[in-house]
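Visitor: For reference, this is data07.pdb, and it has PDB, C-alpha atoms, pLDDT in the B column.
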```
ATOM      1  CA  VAL A   1      11.527  -0.302 -13.989  1.00 60.00           C
ATOM      2  CA  GLY A   2      11.975  -2.283 -10.804  1.00 69.00           C
ATOM      3  CA  ALA A   3      14.287  -1.659  -7.911  1.00 78.00           C
ATOM      4  CA  LYS A   4      17.898  -2.772  -8.163  1.00 84.00           C
ATOM      5  CA  PRO A   5      18.696  -5.977  -6.295  1.00 87.00           C
ATOM      6  CA  GLY A   6      20.436  -5.472  -2.986  1.00 89.00           C
ATOM      7  CA  PRO A   7      23.703  -6.924  -1.697  1.00 91.00           C
ATOM      8  CA  ALA A   8      21.973  -9.916  -0.065  1.00 94.00           C
ATOM      9  CA  TYR A   9      20.438 -10.949  -3.393  1.00 95.00           C
ATOM     10  CA  GLY A  10      23.789 -10.589  -5.143  1.00 94.00           C
ATOM     11  CA  GLU A  11      25.572 -12.702  -2.548  1.00 95.00           C
ATOM     12  CA  ARG A  12      22.912 -15.448  -2.717  1.00 96.00           C
ATOM     13  CA  PHE A  13      23.172 -15.454  -6.514  1.00 96.00           C
ATOM     14  CA  PHE A  14      26.963 -15.650  -6.284  1.00 97.00           C
ATOM     15  CA  GLN A  15      26.923 -18.521  -3.755  1.00 97.00           C
ATOM     16  CA  ARG A  16      24.328 -20.533  -5.679  1.00 97.00           C
ATOM     17  CA  THR A  17      26.207 -20.182  -8.959  1.00 97.00           C
ATOM     18  CA  LEU A  18      29.553 -20.930  -7.299  1.00 97.00           C
ATOM     19  CA  ASP A  19      27.986 -24.064  -5.779  1.00 97.00           C
ATOM     20  CA  LEU A  20      26.889 -25.156  -9.264  1.00 97.00           C
ATOM     21  CA  ILE A  21      30.419 -24.585 -10.608  1.00 97.00           C
ATOM     22  CA  GLU A  22      32.096 -26.481  -7.762  1.00 96.00           C
ATOM     23  CA  LYS A  23      29.685 -29.437  -7.784  1.00 97.00           C
ATOM     24  CA  TYR A  24      29.234 -30.010 -11.495  1.00 97.00           C
ATOM     25  CA  HIS A  25      32.364 -28.587 -13.188  1.00 97.00           C
ATOM     26  CA  PRO A  26      30.528 -27.186 -16.220  1.00 97.00           C
ATOM     27  CA  ASP A  27      32.524 -26.312 -19.310  1.00 94.00           C
ATOM     28  CA  LEU A  28      30.017 -23.648 -20.305  1.00 94.00           C
ATOM     29  CA  LEU A  29      28.038 -21.065 -18.366  1.00 95.00           C
ATOM     30  CA  SER A  30      25.529 -18.862 -20.108  1.00 93.00           C
ATOM     31  CA  PHE A  31      23.952 -15.779 -18.594  1.00 93.00           C
ATOM     32  CA  ASP A  32      20.931 -14.071 -20.140  1.00 89.00           C
ATOM     33  CA  ASP A  33      22.314 -10.706 -19.056  1.00 88.00           C
ATOM     34  CA  PRO A  34      23.992  -7.745 -20.687  1.00 90.00           C
ATOM     35  CA  VAL A  35      27.735  -8.237 -20.067  1.00 91.00           C
ATOM     36  CA  LEU A  36      27.612 -10.117 -16.727  1.00 93.00           C
ATOM     37  CA  PRO A  37      24.991 -10.781 -14.044  1.00 92.00           C
ATOM     38  CA  LEU A  38      24.232  -7.720 -11.926  1.00 92.00           C
ATOM     39  CA  ASN A  39      26.492  -5.597 -14.127  1.00 91.00           C
ATOM     40  CA  GLY A  40      26.472  -2.010 -12.914  1.00 88.00           C
ATOM     41  CA  VAL A  41      24.988  -3.061  -9.560  1.00 90.00           C
ATOM     42  CA  SER A  42      27.735  -5.203  -8.019  1.00 92.00           C
ATOM     43  CA  ASP A  43      30.902  -7.133  -8.804  1.00 94.00           C
ATOM     44  CA  VAL A  44      29.124 -10.513  -8.554  1.00 95.00           C
ATOM     45  CA  GLY A  45      29.404 -11.202 -12.289  1.00 95.00           C
ATOM     46  CA  LEU A  46      33.115 -10.404 -12.360  1.00 94.00           C
ATOM     47  CA  ARG A  47      33.749 -12.595  -9.311  1.00 96.00           C
ATOM     48  CA  LEU A  48      31.825 -15.479 -10.895  1.00 96.00           C
ATOM     49  CA  ALA A  49      33.734 -15.149 -14.171  1.00 95.00           C
ATOM     50  CA  ALA A  50      37.063 -15.151 -12.324  1.00 96.00           C
ATOM     51  CA  ASP A  51      36.129 -18.142 -10.163  1.00 96.00           C
ATOM     52  CA  PHE A  52      34.784 -20.069 -13.163  1.00 97.00           C
ATOM     53  CA  TYR A  53      37.877 -19.449 -15.312  1.00 95.00           C
ATOM     54  CA  ASN A  54      40.261 -20.195 -12.411  1.00 95.00           C
ATOM     55  CA  ALA A  55      38.433 -23.401 -11.425  1.00 95.00           C
ATOM     56  CA  ASP A  56      38.422 -24.703 -14.996  1.00 96.00           C
ATOM     57  CA  ARG A  57      42.181 -25.149 -15.473  1.00 94.00           C
ATOM     58  CA  PRO A  58      42.648 -27.942 -12.901  1.00 95.00           C
ATOM     59  CA  TRP A  59      39.710 -29.840 -14.445  1.00 95.00           C
ATOM     60  CA  HIS A  60      41.478 -29.879 -17.834  1.00 95.00           C
ATOM     61  CA  ALA A  61      45.153 -30.557 -17.032  1.00 95.00           C
ATOM     62  CA  GLY A  62      46.033 -26.851 -16.956  1.00 94.00           C
ATOM     63  CA  ARG A  63      44.212 -25.892 -20.185  1.00 95.00           C
ATOM     64  CA  LEU A  64      41.542 -23.202 -20.017  1.00 93.00           C
ATOM     65  CA  GLU A  65      38.454 -24.674 -21.663  1.00 95.00           C
ATOM     66  CA  ALA A  66      35.794 -22.647 -19.862  1.00 95.00           C
ATOM     67  CA  VAL A  67      33.277 -20.811 -22.031  1.00 95.00           C
ATOM     68  CA  LEU A  68      31.217 -17.972 -20.595  1.00 95.00           C
ATOM     69  CA  ASN A  69      28.369 -16.725 -22.795  1.00 94.00           C
ATOM     70  CA  THR A  70      26.526 -13.483 -22.207  1.00 95.00           C
ATOM     71  CA  GLN A  71      24.759 -10.776 -24.161  1.00 94.00           C
ATOM     72  CA  GLY A  72      25.306  -7.142 -25.112  1.00 92.00           C
ATOM     73  CA  LEU A  73      29.100  -7.250 -25.355  1.00 94.00           C
ATOM     74  CA  ASN A  74      31.279  -4.603 -26.906  1.00 93.00           C
ATOM     75  CA  GLU A  75      34.381  -5.524 -28.918  1.00 91.00           C
ATOM     76  CA  ALA A  76      36.770  -5.420 -25.955  1.00 94.00           C
ATOM     77  CA  GLN A  77      34.488  -7.632 -23.825  1.00 94.00           C
ATOM     78  CA  ARG A  78      34.318 -10.230 -26.628  1.00 94.00           C
ATOM     79  CA  ARG A  79      37.994 -11.004 -25.986  1.00 92.00           C
ATOM     80  CA  CYS A  80      37.170 -12.750 -22.708  1.00 91.00           C
ATOM     81  CA  LEU A  81      33.454 -13.565 -22.959  1.00 95.00           C
ATOM     82  CA  VAL A  82      31.480 -15.214 -25.747  1.00 95.00           C
ATOM     83  CA  TRP A  83      28.931 -12.871 -27.315  1.00 95.00           C
ATOM     84  CA  ASP A  84      25.509 -14.475 -27.251  1.00 94.00           C
ATOM     85  CA  ILE A  85      22.954 -13.208 -29.756  1.00 93.00           C
ATOM     86  CA  GLU A  86      19.391 -14.302 -29.155  1.00 90.00           C
ATOM     87  CA  ARG A  87      17.601 -15.142 -32.428  1.00 89.00           C
ATOM     88  CA  GLY A  88      19.914 -13.108 -34.634  1.00 86.00           C
ATOM     89  CA  THR A  89      23.249 -13.114 -36.426  1.00 88.00           C
ATOM     90  CA  PRO A  90      25.938 -10.572 -37.186  1.00 91.00           C
ATOM     91  CA  ALA A  91      26.240  -9.329 -40.737  1.00 89.00           C
ATOM     92  CA  GLY A  92      29.750 -10.644 -41.313  1.00 93.00           C
ATOM     93  CA  ILE A  93      32.564 -12.783 -39.964  1.00 95.00           C
ATOM     94  CA  GLU A  94      33.369 -12.014 -36.333  1.00 94.00           C
ATOM     95  CA  PRO A  95      36.979 -12.092 -35.095  1.00 94.00           C
ATOM     96  CA  TYR A  96      36.034 -13.875 -31.854  1.00 94.00           C
ATOM     97  CA  PRO A  97      33.741 -16.852 -31.291  1.00 94.00           C
ATOM     98  CA  TRP A  98      30.091 -16.005 -30.719  1.00 96.00           C
ATOM     99  CA  GLN A  99      26.850 -17.904 -30.315  1.00 95.00           C
ATOM    100  CA  ILE A 100      23.247 -17.636 -31.410  1.00 94.00           C
ATOM    101  CA  ASP A 101      20.402 -19.009 -29.307  1.00 92.00           C
ATOM    102  CA  THR A 102      17.308 -19.894 -31.232  1.00 94.00           C
ATOM    103  CA  SER A 103      14.515 -22.427 -31.163  1.00 95.00           C
ATOM    104  CA  ILE A 104      12.680 -24.484 -33.746  1.00 96.00           C
ATOM    105  CA  GLY A 105       9.516 -22.969 -32.267  1.00 94.00           C
ATOM    106  CA  ASN A 106       8.982 -20.923 -29.130  1.00 92.00           C
ATOM    107  CA  TRP A 107      11.246 -21.245 -26.096  1.00 92.00           C
ATOM    108  CA  ALA A 108       8.578 -23.224 -24.247  1.00 93.00           C
ATOM    109  CA  TYR A 109       6.477 -25.987 -25.786  1.00 94.00           C
ATOM    110  CA  GLN A 110       3.400 -24.725 -27.631  1.00 93.00           C
ATOM    111  CA  ARG A 111       1.119 -27.443 -28.979  1.00 92.00           C
ATOM    112  CA  SER A 112      -0.392 -25.149 -31.629  1.00 92.00           C
ATOM    113  CA  LEU A 113       2.991 -24.842 -33.396  1.00 91.00           C
ATOM    114  CA  PHE A 114       3.083 -28.640 -33.711  1.00 90.00           C
ATOM    115  CA  GLU A 115      -0.523 -28.830 -34.887  1.00 91.00           C
ATOM    116  CA  GLN A 116      -0.056 -26.019 -37.423  1.00 92.00           C
ATOM    117  CA  ARG A 117       3.323 -27.406 -38.613  1.00 90.00           C
ATOM    118  CA  ARG A 118       5.082 -24.137 -37.813  1.00 93.00           C
ATOM    119  CA  TYR A 119       8.429 -25.424 -36.530  1.00 94.00           C
ATOM    120  CA  LYS A 120      11.570 -24.417 -38.405  1.00 95.00           C
ATOM    121  CA  SER A 121      12.412 -27.107 -40.921  1.00 96.00           C
ATOM    122  CA  PRO A 122      15.706 -29.020 -40.776  1.00 97.00           C
ATOM    123  CA  GLU A 123      16.622 -27.382 -44.094  1.00 97.00           C
ATOM    124  CA  THR A 124      16.132 -23.909 -42.601  1.00 96.00           C
ATOM    125  CA  VAL A 125      18.253 -24.776 -39.569  1.00 97.00           C
ATOM    126  CA  ILE A 126      20.975 -26.384 -41.720  1.00 97.00           C
ATOM    127  CA  HIS A 127      21.220 -23.180 -43.791  1.00 96.00           C
ATOM    128  CA  MET A 128      21.343 -21.135 -40.572  1.00 96.00           C
ATOM    129  CA  LEU A 129      24.026 -23.421 -39.153  1.00 96.00           C
ATOM    130  CA  ALA A 130      26.222 -23.133 -42.255  1.00 95.00           C
ATOM    131  CA  ASP A 131      25.905 -19.329 -42.187  1.00 95.00           C
ATOM    132  CA  ILE A 132      26.636 -19.145 -38.455  1.00 96.00           C
ATOM    133  CA  VAL A 133      29.689 -21.424 -38.613  1.00 95.00           C
ATOM    134  CA  SER A 134      31.045 -19.514 -41.626  1.00 95.00           C
ATOM    135  CA  LYS A 135      30.977 -16.362 -39.461  1.00 95.00           C
ATOM    136  CA  ASN A 136      32.937 -17.984 -36.579  1.00 95.00           C
ATOM    137  CA  GLY A 137      29.758 -18.703 -34.620  1.00 95.00           C
ATOM    138  CA  ASN A 138      28.086 -21.520 -32.751  1.00 94.00           C
ATOM    139  CA  LEU A 139      24.412 -22.516 -32.794  1.00 95.00           C
ATOM    140  CA  LEU A 140      22.601 -23.358 -29.571  1.00 93.00           C
ATOM    141  CA  LEU A 141      19.293 -24.804 -30.739  1.00 95.00           C
ATOM    142  CA  ASN A 142      16.336 -25.190 -28.402  1.00 95.00           C
ATOM    143  CA  ILE A 143      13.963 -28.108 -28.923  1.00 96.00           C
ATOM    144  CA  PRO A 144      11.019 -27.320 -26.604  1.00 96.00           C
ATOM    145  CA  LEU A 145       9.761 -30.370 -24.724  1.00 95.00           C
ATOM    146  CA  ARG A 146       6.234 -31.191 -23.640  1.00 94.00           C
ATOM    147  CA  GLY A 147       5.368 -30.774 -19.986  1.00 94.00           C
ATOM    148  CA  ASP A 148       6.212 -34.431 -19.341  1.00 96.00           C
ATOM    149  CA  GLY A 149       9.674 -34.003 -20.891  1.00 95.00           C
ATOM    150  CA  THR A 150       8.982 -35.849 -24.153  1.00 96.00           C
ATOM    151  CA  LEU A 151       9.354 -34.781 -27.772  1.00 95.00           C
ATOM    152  CA  ASP A 152       6.391 -34.579 -30.111  1.00 95.00           C
ATOM    153  CA  GLY A 153       6.515 -36.449 -33.428  1.00 94.00           C
ATOM    154  CA  ALA A 154       7.614 -33.438 -35.480  1.00 95.00           C
ATOM    155  CA  GLU A 155      10.479 -32.680 -33.085  1.00 96.00           C
ATOM    156  CA  ALA A 156      11.657 -36.303 -33.170  1.00 96.00           C
ATOM    157  CA  ALA A 157      11.537 -36.277 -36.984  1.00 97.00           C
ATOM    158  CA  PHE A 158      13.432 -32.962 -37.052  1.00 97.00           C
ATOM    159  CA  LEU A 159      16.186 -34.417 -34.861  1.00 97.00           C
ATOM    160  CA  GLU A 160      16.431 -37.558 -36.993  1.00 98.00           C
ATOM    161  CA  VAL A 161      17.014 -35.450 -40.125  1.00 98.00           C
ATOM    162  CA  MET A 162      19.551 -33.226 -38.338  1.00 97.00           C
ATOM    163  CA  THR A 163      21.382 -36.266 -36.935  1.00 97.00           C
ATOM    164  CA  ALA A 164      21.600 -37.889 -40.374  1.00 98.00           C
ATOM    165  CA  TRP A 165      22.833 -34.634 -41.934  1.00 97.00           C
ATOM    166  CA  MET A 166      25.464 -34.180 -39.198  1.00 97.00           C
ATOM    167  CA  LYS A 167      26.752 -37.752 -39.719  1.00 97.00           C
ATOM    168  CA  VAL A 168      27.517 -36.846 -43.338  1.00 97.00           C
ATOM    169  CA  ASN A 169      28.519 -33.180 -42.931  1.00 96.00           C
ATOM    170  CA  GLY A 170      29.671 -32.854 -39.324  1.00 95.00           C
ATOM    171  CA  GLU A 171      33.345 -32.596 -40.252  1.00 94.00           C
ATOM    172  CA  ALA A 172      32.605 -29.357 -42.146  1.00 93.00           C
ATOM    173  CA  ILE A 173      30.836 -27.959 -39.087  1.00 93.00           C
ATOM    174  CA  PHE A 174      33.238 -29.106 -36.373  1.00 90.00           C
ATOM    175  CA  GLY A 175      36.452 -28.967 -38.411  1.00 79.00           C
TER     176      GLY A 175
END
```
Just dump the structure as structure tokens.

Guide:
Amino acid sequence: VGAKPGPAYGERFFQRTLDLIEKYHPDLLSFDDPVLPLNGVSDVGLRLAADFYNADRPWHAGRLEAVLNTQGLNEAQRRCLVWDIERGTPAGIEPYPWQIDTSIGNWAYQRSLFEQRRYKSPETVIHMLADIVSKNGNLLLNIPLRGDGTLDGAEAAFLEVMTAWMKVNGEAIFG
């Protein structure tokens, strides 16, 4: 277990993230943290959430459209943050929106998965997607890119099948 980050680290993290929010006006922020960044160490996560939610309204004619995803949320926290589950799903329908992060392979590109044909198939992902959406969830799907930023042939084929399926069935997913 490492040392807790100090106040200087927290302030740098806050300023860098605030700069991202102010420059790019994202609709979604996702933190790979339990509850909020630096939870239990400082109020940086709470300040970022407040600034993000408050900044979002003017960008959308007064409507709050900001989405803040994070992990390890209890039921009360899921009322204001979107519960992010990495490579898993809840057993039943959730009362509040949630999201799963998963990948067709590993998070980073691994040539051996391509060579051994070990990516998730479009059929597997379509079944996952239907299950996730039926439980009030959202799927964030990672397609790992090669070091030069390109897709391999299997990834391109996967996306073509998913795109064709979404053209026919997208209304059921988004509606």

Visitor: For the structure provided, state which residues fall under the PyMOL selection byres ((chain A and resi 25-28) around 6), and present them as a PyMOL selection string.

Guide: chain A and resi 21-22+24+29+66-68

Visitor: Which of these residues is nearest to Asn69 of chain A, using only C-alpha atoms: A:Pro97, A:Gly105, A:Gly175, A:Pro90?

Guide: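 Ranked by minimum distance to Asn69 of chain A, first place goes to A:Pro97.
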
Visitor: Measuring between only C-alpha atoms, which one of A:Gln99, A:Asn169, A:Gln71, A:Ser121 shows the shortest distance to Ala154 of chain A?

Guide: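 Under the stated criterion, the closest residue is A:Ser121.
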
Visitor: Report, as AutoDock Vina command-line options, the axis-aligned box around all atoms of segment 133-152 of chain A present in the file, extended by 4 Å on each side; give centre and edge lengths in Å to one decimal place.

Guide:
```
--center_x 19.2 --center_y -26.1 --center_z -30.5 --size_x 35.6 --size_y 27.5 --size_z 30.3
```

Visitor: So the first atom is atom CA of Pro95 of chain A and the second is atom CA of Thr17 of chain A; what is the distance between them in Å, to one decimal place?

Guide: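 Answer for the atom CA of Pro95 of chain A to atom CA of Thr17 of chain A separation: 29.4 Å.
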
Visitor: Do you have the atom CA of Phe31 of chain A-atom CA of Gly45 of chain A distance handy?

Guide: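 About the pair atom CA of Phe31 of chain A and atom CA of Gly45 of chain A: they are 9.5 Å apart.
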
Visitor: Given the block above, output segment 34-158 of chain A with C-alpha atoms as a PDB file, in the first residue's frame.

Guide:
```
ATOM      1  CA  PRO A  34     -14.231   4.114  -6.015  1.00  0.00           C
ATOM      2  CA  VAL A  35     -16.866   6.855  -5.584  1.00  0.00           C
ATOM      3  CA  LEU A  36     -14.825   9.913  -6.673  1.00  0.00           C
ATOM      4  CA  PRO A  37     -11.142  10.691  -7.256  1.00  0.00           C
ATOM      5  CA  LEU A  38      -9.161  10.981  -4.028  1.00  0.00           C
ATOM      6  CA  ASN A  39     -12.216   9.935  -2.021  1.00  0.00           C
ATOM      7  CA  GLY A  40     -11.351   9.790   1.662  1.00  0.00           C
ATOM      8  CA  VAL A  41      -8.186  11.842   1.089  1.00  0.00           C
ATOM      9  CA  SER A  42      -9.526  15.219  -0.057  1.00  0.00           C
ATOM     10  CA  ASP A  43     -12.593  16.981  -1.422  1.00  0.00           C
ATOM     11  CA  VAL A  44     -11.137  17.172  -4.956  1.00  0.00           C
ATOM     12  CA  GLY A  45     -13.627  14.662  -6.372  1.00  0.00           C
ATOM     13  CA  LEU A  46     -16.608  16.470  -4.867  1.00  0.00           C
ATOM     14  CA  ARG A  47     -15.356  19.825  -6.162  1.00  0.00           C
ATOM     15  CA  LEU A  48     -14.868  18.376  -9.653  1.00  0.00           C
ATOM     16  CA  ALA A  49     -18.349  16.839  -9.664  1.00  0.00           C
ATOM     17  CA  ALA A  50     -19.900  20.144  -8.581  1.00  0.00           C
ATOM     18  CA  ASP A  51     -17.957  22.166 -11.154  1.00  0.00           C
ATOM     19  CA  PHE A  52     -18.749  19.672 -13.923  1.00  0.00           C
ATOM     20  CA  TYR A  53     -22.489  19.583 -13.168  1.00  0.00           C
ATOM     21  CA  ASN A  54     -22.677  23.385 -12.759  1.00  0.00           C
ATOM     22  CA  ALA A  55     -20.732  24.063 -15.977  1.00  0.00           C
ATOM     23  CA  ASP A  56     -22.912  21.697 -18.001  1.00  0.00           C
ATOM     24  CA  ARG A  57     -26.217  23.590 -17.762  1.00  0.00           C
ATOM     25  CA  PRO A  58     -25.139  26.663 -19.770  1.00  0.00           C
ATOM     26  CA  TRP A  59     -23.783  24.378 -22.518  1.00  0.00           C
ATOM     27  CA  HIS A  60     -27.233  22.782 -22.934  1.00  0.00           C
ATOM     28  CA  ALA A  61     -29.709  25.680 -22.655  1.00  0.00           C
ATOM     29  CA  GLY A  62     -30.242  25.134 -18.922  1.00  0.00           C
ATOM     30  CA  ARG A  63     -30.694  21.336 -19.085  1.00  0.00           C
ATOM     31  CA  LEU A  64     -28.369  19.154 -17.027  1.00  0.00           C
ATOM     32  CA  GLU A  65     -26.941  16.579 -19.423  1.00  0.00           C
ATOM     33  CA  ALA A  66     -23.667  15.857 -17.640  1.00  0.00           C
ATOM     34  CA  VAL A  67     -22.896  12.219 -16.877  1.00  0.00           C
ATOM     35  CA  LEU A  68     -20.293  11.313 -14.276  1.00  0.00           C
ATOM     36  CA  ASN A  69     -19.297   7.639 -14.148  1.00  0.00           C
ATOM     37  CA  THR A  70     -17.362   6.085 -11.304  1.00  0.00           C
ATOM     38  CA  GLN A  71     -17.033   2.778  -9.509  1.00  0.00           C
ATOM     39  CA  GLY A  72     -17.919   1.274  -6.138  1.00  0.00           C
ATOM     40  CA  LEU A  73     -21.099   3.266  -5.517  1.00  0.00           C
ATOM     41  CA  ASN A  74     -23.682   2.520  -2.885  1.00  0.00           C
ATOM     42  CA  GLU A  75     -27.400   3.001  -3.569  1.00  0.00           C
ATOM     43  CA  ALA A  76     -27.525   6.600  -2.334  1.00  0.00           C
ATOM     44  CA  GLN A  77     -24.496   7.605  -4.446  1.00  0.00           C
ATOM     45  CA  ARG A  78     -26.132   6.126  -7.572  1.00  0.00           C
ATOM     46  CA  ARG A  79     -28.709   8.930  -7.418  1.00  0.00           C
ATOM     47  CA  CYS A  80     -26.141  11.503  -8.537  1.00  0.00           C
ATOM     48  CA  LEU A  81     -23.351   9.450 -10.129  1.00  0.00           C
ATOM     49  CA  VAL A  82     -23.504   6.680 -12.715  1.00  0.00           C
ATOM     50  CA  TRP A  83     -22.331   3.335 -11.343  1.00  0.00           C
ATOM     51  CA  ASP A  84     -19.613   1.925 -13.560  1.00  0.00           C
ATOM     52  CA  ILE A  85     -19.034  -1.824 -13.421  1.00  0.00           C
ATOM     53  CA  GLU A  86     -15.864  -3.052 -15.062  1.00  0.00           C
ATOM     54  CA  ARG A  87     -16.428  -6.332 -16.945  1.00  0.00           C
ATOM     55  CA  GLY A  88     -19.533  -7.325 -15.013  1.00  0.00           C
ATOM     56  CA  THR A  89     -23.273  -6.815 -14.729  1.00  0.00           C
ATOM     57  CA  PRO A  90     -25.791  -6.634 -11.919  1.00  0.00           C
ATOM     58  CA  ALA A  91     -28.123  -9.564 -11.446  1.00  0.00           C
ATOM     59  CA  GLY A  92     -31.317  -7.630 -12.110  1.00  0.00           C
ATOM     60  CA  ILE A  93     -32.827  -4.364 -13.279  1.00  0.00           C
ATOM     61  CA  GLU A  94     -31.263  -1.345 -11.588  1.00  0.00           C
ATOM     62  CA  PRO A  95     -33.406   1.673 -10.653  1.00  0.00           C
ATOM     63  CA  TYR A  96     -30.765   4.161 -11.841  1.00  0.00           C
ATOM     64  CA  PRO A  97     -28.695   4.182 -15.027  1.00  0.00           C
ATOM     65  CA  TRP A  98     -25.407   2.305 -14.841  1.00  0.00           C
ATOM     66  CA  GLN A  99     -22.640   1.347 -17.227  1.00  0.00           C
ATOM     67  CA  ILE A 100     -20.410  -1.613 -17.948  1.00  0.00           C
ATOM     68  CA  ASP A 101     -16.921  -1.197 -19.380  1.00  0.00           C
ATOM     69  CA  THR A 102     -15.636  -4.165 -21.278  1.00  0.00           C
ATOM     70  CA  SER A 103     -13.449  -4.939 -24.251  1.00  0.00           C
ATOM     71  CA  ILE A 104     -13.604  -7.352 -27.153  1.00  0.00           C
ATOM     72  CA  GLY A 105     -10.137  -8.455 -26.032  1.00  0.00           C
ATOM     73  CA  ASN A 106      -7.757  -6.952 -23.503  1.00  0.00           C
ATOM     74  CA  TRP A 107      -7.754  -3.243 -22.685  1.00  0.00           C
ATOM     75  CA  ALA A 108      -4.579  -2.742 -24.715  1.00  0.00           C
ATOM     76  CA  TYR A 109      -3.918  -4.292 -28.117  1.00  0.00           C
ATOM     77  CA  GLN A 110      -2.526  -7.827 -27.946  1.00  0.00           C
ATOM     78  CA  ARG A 111      -1.605  -9.346 -31.300  1.00  0.00           C
ATOM     79  CA  SER A 112      -1.913 -12.921 -29.999  1.00  0.00           C
ATOM     80  CA  LEU A 113      -5.666 -12.458 -29.401  1.00  0.00           C
ATOM     81  CA  PHE A 114      -6.056 -11.518 -33.074  1.00  0.00           C
ATOM     82  CA  GLU A 115      -3.889 -14.406 -34.250  1.00  0.00           C
ATOM     83  CA  GLN A 116      -5.690 -16.928 -32.027  1.00  0.00           C
ATOM     84  CA  ARG A 117      -9.151 -15.520 -32.918  1.00  0.00           C
ATOM     85  CA  ARG A 118      -9.966 -14.881 -29.265  1.00  0.00           C
ATOM     86  CA  TYR A 119     -11.912 -11.619 -29.528  1.00  0.00           C
ATOM     87  CA  LYS A 120     -15.513 -11.583 -28.335  1.00  0.00           C
ATOM     88  CA  SER A 121     -17.788 -12.242 -31.278  1.00  0.00           C
ATOM     89  CA  PRO A 122     -20.396  -9.698 -32.398  1.00  0.00           C
ATOM     90  CA  GLU A 123     -23.066 -12.218 -31.373  1.00  0.00           C
ATOM     91  CA  THR A 124     -21.660 -12.380 -27.833  1.00  0.00           C
ATOM     92  CA  VAL A 125     -21.563  -8.591 -27.565  1.00  0.00           C
ATOM     93  CA  ILE A 126     -25.084  -8.227 -29.011  1.00  0.00           C
ATOM     94  CA  HIS A 127     -26.415 -10.634 -26.356  1.00  0.00           C
ATOM     95  CA  MET A 128     -24.511  -8.697 -23.677  1.00  0.00           C
ATOM     96  CA  LEU A 129     -25.879  -5.407 -25.000  1.00  0.00           C
ATOM     97  CA  ALA A 130     -29.486  -6.637 -24.953  1.00  0.00           C
ATOM     98  CA  ASP A 131     -29.064  -7.895 -21.373  1.00  0.00           C
ATOM     99  CA  ILE A 132     -27.400  -4.665 -20.233  1.00  0.00           C
ATOM    100  CA  VAL A 133     -30.011  -2.383 -21.818  1.00  0.00           C
ATOM    101  CA  SER A 134     -32.839  -4.500 -20.376  1.00  0.00           C
ATOM    102  CA  LYS A 135     -31.378  -3.811 -16.909  1.00  0.00           C
ATOM    103  CA  ASN A 136     -31.268  -0.004 -17.427  1.00  0.00           C
ATOM    104  CA  GLY A 137     -27.576  -0.081 -18.335  1.00  0.00           C
ATOM    105  CA  ASN A 138     -25.213   1.248 -20.957  1.00  0.00           C
ATOM    106  CA  LEU A 139     -22.337  -0.567 -22.668  1.00  0.00           C
ATOM    107  CA  LEU A 140     -18.983   1.137 -23.137  1.00  0.00           C
ATOM    108  CA  LEU A 141     -17.091  -1.202 -25.449  1.00  0.00           C
ATOM    109  CA  ASN A 142     -13.338  -0.963 -25.912  1.00  0.00           C
ATOM    110  CA  ILE A 143     -11.854  -1.839 -29.296  1.00  0.00           C
ATOM    111  CA  PRO A 144      -8.083  -1.955 -28.639  1.00  0.00           C
ATOM    112  CA  LEU A 145      -6.052  -0.314 -31.396  1.00  0.00           C
ATOM    113  CA  ARG A 146      -2.610  -1.231 -32.664  1.00  0.00           C
ATOM    114  CA  GLY A 147       0.290   0.965 -31.644  1.00  0.00           C
ATOM    115  CA  ASP A 148      -0.121   3.026 -34.821  1.00  0.00           C
ATOM    116  CA  GLY A 149      -3.802   3.665 -34.043  1.00  0.00           C
ATOM    117  CA  THR A 150      -5.271   1.313 -36.658  1.00  0.00           C
ATOM    118  CA  LEU A 151      -7.706  -1.577 -36.354  1.00  0.00           C
ATOM    119  CA  ASP A 152      -6.737  -5.112 -37.278  1.00  0.00           C
ATOM    120  CA  GLY A 153      -8.891  -7.037 -39.761  1.00  0.00           C
ATOM    121  CA  ALA A 154     -10.901  -8.889 -37.112  1.00  0.00           C
ATOM    122  CA  GLU A 155     -11.725  -5.651 -35.280  1.00  0.00           C
ATOM    123  CA  ALA A 156     -12.839  -3.973 -38.515  1.00  0.00           C
ATOM    124  CA  ALA A 157     -15.033  -6.983 -39.347  1.00  0.00           C
ATOM    125  CA  PHE A 158     -16.476  -6.948 -35.812  1.00  0.00           C
TER     126      PHE A 158
END
```
